[in-house]
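J.: First, the structure itself, so that you have it in front of you.
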Amino acid sequence: MRIHLVHITTLRSGARAEREELFDGAELKIGRGTDSHVHIPALSVPFHHSSIVEQAGGSRIETRAGSTLLINGHLTTAKLLADGDVIAIADYELRVRSLAEEGVPTLQIERVERPGSPALDLRARTKIGIEGGLLSRRFLSFAGLAGVLGFFLVWPLLATPRSDDTARGIGRETSSRWVGEIWNVGTISRAHQSIATDCTACHVRGFEQVANARCLACHEPIADPTLAHADVEAANEVECTNCHREHEGDAGLNRVPDRTCTACHGNLDSLRPQTSLANVTDFVLGHPEFRPAVTRGETRIRVSLDRMAEGSAGSASGLHFPHDVHLQADLRSPEGPVELGCADCHDMEPSGGLAGRVDFQSQCAGCHSLAFAEEDPDRLVPHGPAEAVRTEILEYYAARALEGAREGPPPDDVTIRRPGRKLDEAARREALEWARERSRIAIELTFAEEGPCAQCHVLDGPPDRAVVAPVRLIPLTSQDRWLPLAVFDHHPHRTMECEGCHAARTSDSANDLLLPSIETCRGCHVGEEVVADRISSPCVSCHRYHAAGHGAWLADGAVVDGRPES
């Protein structure tokens, strides 16, 4: 059943105002109850006075709870409504009019004060309320509005010191203090407490956004916010306050909502068709696999972890290092069988954020000896370039030869010399020839396929000219990270086992990155929303923005930082 309702109100000026609505339901309720579709606010009217329902032949009105209806001047309890019917309930008239458009009947509801009615007589004798005073309700409303605007808007604006007044120190301290108290828009962050009472430190004029120049006056050491997106035209229009909202406490200044990032990164395929970066809308629902910067030849390139899993090699580390061997039980060592753990080789930085570099003397020398002479087991070659190793071995045997400490029986014509006397030229040549031969043997053993260097390092060339491949366990750049544009801190993860994220026990190659996949991180982390038993992680939890020297759009295979690695 559909009925067109028209509520008519007579204003104080005598004009009539109408409010229309369309009722669409099985039963139209009329009464004093708040659930009534036609509300009659009179104490003499029951909560559910009557109803209009649809039946064969049209709409029918009928009473409830023993009430009666006055329709067209006659009392009744029910009636099939017709055009022109007038239903009187208390001081209200419900008038049925001809069918409106689309065959929908119209019901007009209007309060009618008939002469001599008790309600009209009571209102005439009542002196309580604003209407009984000297001032009208409208006048008092406008006066109150003017007072509020004057006290909380005009007065603070007039009292706020202007730029020229501030320069002369006029009204700076007094006005700023009470303006901040009266017109406080929110809590100042702790970082800006030193200027919390000086509005003009940031605000040059009222109702104007704080300009970047006002922020950079103090924060000049911070990298230009456009550097991370230097090739994006829209980045040049970014204001500091677009991301950092003051007057919202520390949460507003430091916590940048994800929508600030996803406004562009959520539809990169349309904003930047030439980029291979995927759209990012949420860490769990819309984020690509991690793309570490790996070493290939003399450059670092970005390769997705899932592509490495499909067979693509990892980083060219320059080492032979099987994690699975070093983590097995009863590993052989000079002190007997041992069982190593991750912390035996990997120390954390003092801050606990990143894993420190592995140092040979600290982590490896205890098991891997660099001795090369059986007669002098304490003499070690340096852990350094191959040329330095060869030089050290040659100098050692040359010194022994010249000192007369050669092994084996002396020749028949050996010359006995007193201390302090130099060898003659023939004896010197003989000593050096012996030193060269012993050095050649030691160098071959040192750089042999089963020698101490080749156990860990990738070698190229014959032993006498062997070259040790550069070691690149960690990318050799100023960032020192596999994910140079990301932020990660081991310290909050110290309660977890290393193998929960790094699959070192099954790795047999030093070229394996052993980085956790995004699915591993999603086991604990979600996006910006708060989820039970999960860690809320907005974009800024992992991604840096004020990062100088990084281009924003790097395709798979692109050189990181726009330059080869040195």
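Note on naming: chains are A, B, ... as they come in the structure tokens, residues start from 1 per chain, ligands start from 1 in the order shown.
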Near Ser50 (chain A), within 6 Å and counting only C-alpha atoms, which residues show up once chain neighbours fewer than 6 positions away are dropped, as a list in words?
T.: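 Counting only C-alpha atoms, the residues come to Ile30, Glu62, Thr63 and Arg64 of chain A.
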J.: Which neighbours of Leu459 (chain A) fall inside 12 Å, counting only C-alpha atoms, when residues of the same chain fewer than 4 positions from it are skipped, and could you give them as a list of chain:residue names?
T.: A:Gly318, A:Leu319, A:His320, A:Pro385, A:Ala386, A:Thr446, A:Phe447, A:Ala448, A:Glu449, A:Glu450, A:Gly451, A:Pro452, A:Cys453, A:Ala454, A:Gln455, A:Pro463, A:Asp464, A:Arg465, A:Ala466, A:Val467, A:Val468, A:Ala469, A:Pro470, A:Val471
J.: Can you pull out the residues contacting Cys364 (chain A)? Cut-off 10 Å, using only C-alpha atoms, and skip same-chain residues under 6 positions away; I want them as a list of chain:residue names.
T.: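 Result of the neighbour search: A:Asp344, A:Cys345, A:Val358.
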J.: Go ahead and save the residues from that selection, with N, CA, C and O atoms, as an mmCIF file, in the first residue's frame.
T.:
```
data_model
loop_
_atom_site.group_PDB
_atom_site.id
_atom_site.type_symbol
_atom_site.label_atom_id
_atom_site.label_comp_id
_atom_site.auth_asym_id
_atom_site.auth_seq_id
_atom_site.Cartn_x
_atom_site.Cartn_y
_atom_site.Cartn_z
ATOM 1 N N ASP A 344 75.977 -17.534 16.966
ATOM 2 C CA ASP A 344 77.411 -17.795 17.029
ATOM 3 C C ASP A 344 78.162 -17.072 15.918
ATOM 4 O O ASP A 344 79.372 -16.847 16.038
ATOM 5 N N CYS A 345 77.477 -16.755 14.839
ATOM 6 C CA CYS A 345 78.126 -16.059 13.724
ATOM 7 C C CYS A 345 77.541 -14.676 13.451
ATOM 8 O O CYS A 345 78.251 -13.791 12.980
ATOM 9 N N VAL A 358 79.510 -10.288 9.090
ATOM 10 C CA VAL A 358 80.292 -11.412 9.599
ATOM 11 C C VAL A 358 81.771 -11.092 9.410
ATOM 12 O O VAL A 358 82.210 -10.752 8.305
#
```
J.: Between CA of Val280 (chain A) and CA of Arg522 (chain A), measure the distance and give it in Å to one decimal.
T.: 14.9 Å
J.: Give me the residues within 7 Å of region 505-519 of chain A as number ranges by chain, counting only C-alpha atoms and dropping any in the same chain fewer than 6 places off.
T.: A: 289-290, 305, 314-317, 319-324, 327
J.: I need the chosen residues saved as a PDB file, in the first residue's frame, with C-alpha atoms.
T.:
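Output (out_9.pdb):
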```
ATOM      1  CA  GLU A 289      56.141  -9.870  -3.214  1.00  0.00           C
ATOM      2  CA  PHE A 290      59.330  -8.288  -1.842  1.00  0.00           C
ATOM      3  CA  LEU A 305      61.523 -13.211  -4.326  1.00  0.00           C
ATOM      4  CA  GLY A 314      70.052 -15.191  -5.937  1.00  0.00           C
ATOM      5  CA  SER A 315      72.862 -12.770  -5.229  1.00  0.00           C
ATOM      6  CA  ALA A 316      76.419 -13.427  -6.497  1.00  0.00           C
ATOM      7  CA  SER A 317      78.021 -13.569  -3.052  1.00  0.00           C
ATOM      8  CA  LEU A 319      81.456 -17.410  -1.358  1.00  0.00           C
ATOM      9  CA  HIS A 320      80.985 -21.130  -0.882  1.00  0.00           C
ATOM     10  CA  PHE A 321      79.059 -21.265   2.360  1.00  0.00           C
ATOM     11  CA  PRO A 322      76.473 -23.962   3.119  1.00  0.00           C
ATOM     12  CA  HIS A 323      74.322 -22.969   6.083  1.00  0.00           C
ATOM     13  CA  ASP A 324      72.940 -26.484   6.366  1.00  0.00           C
ATOM     14  CA  LEU A 327      73.984 -25.926  11.497  1.00  0.00           C
TER      15      LEU A 327
END
```
J.: Name the closest residue to Arg400 (chain A) among the candidates A:Ala211, A:Ala435, A:Leu370, A:Ala504; distances are taken between atoms, counting only C-alpha atoms.
T.: A:Ala435
J.: Tell me, as a PyMOL selection string, which residues lie within 10 Å of region 87-95 of chain A, counting only C-alpha atoms; anything in the same chain fewer than 5 positions away does not count.
T.: chain A and resi 5-7+30-31+38+40-45+49+61+68-75+81-82+106-114+117-120
J.: Would you mind writing down, as a VMD selection string, each residue of region 280-406 of chain A that DSSP on the backbone assigns to strand (DSSP E)?
T.: chain A and resid 293 to 296 299 to 302
J.: According to DSSP computed on the backbone, where in region 229-390 of chain A is there alpha helix (DSSP H)? Give the residues as a PyMOL selection string.
T.: chain A and resi 240-243+249-254+258-265+268-271+305-309+323-326+386-390
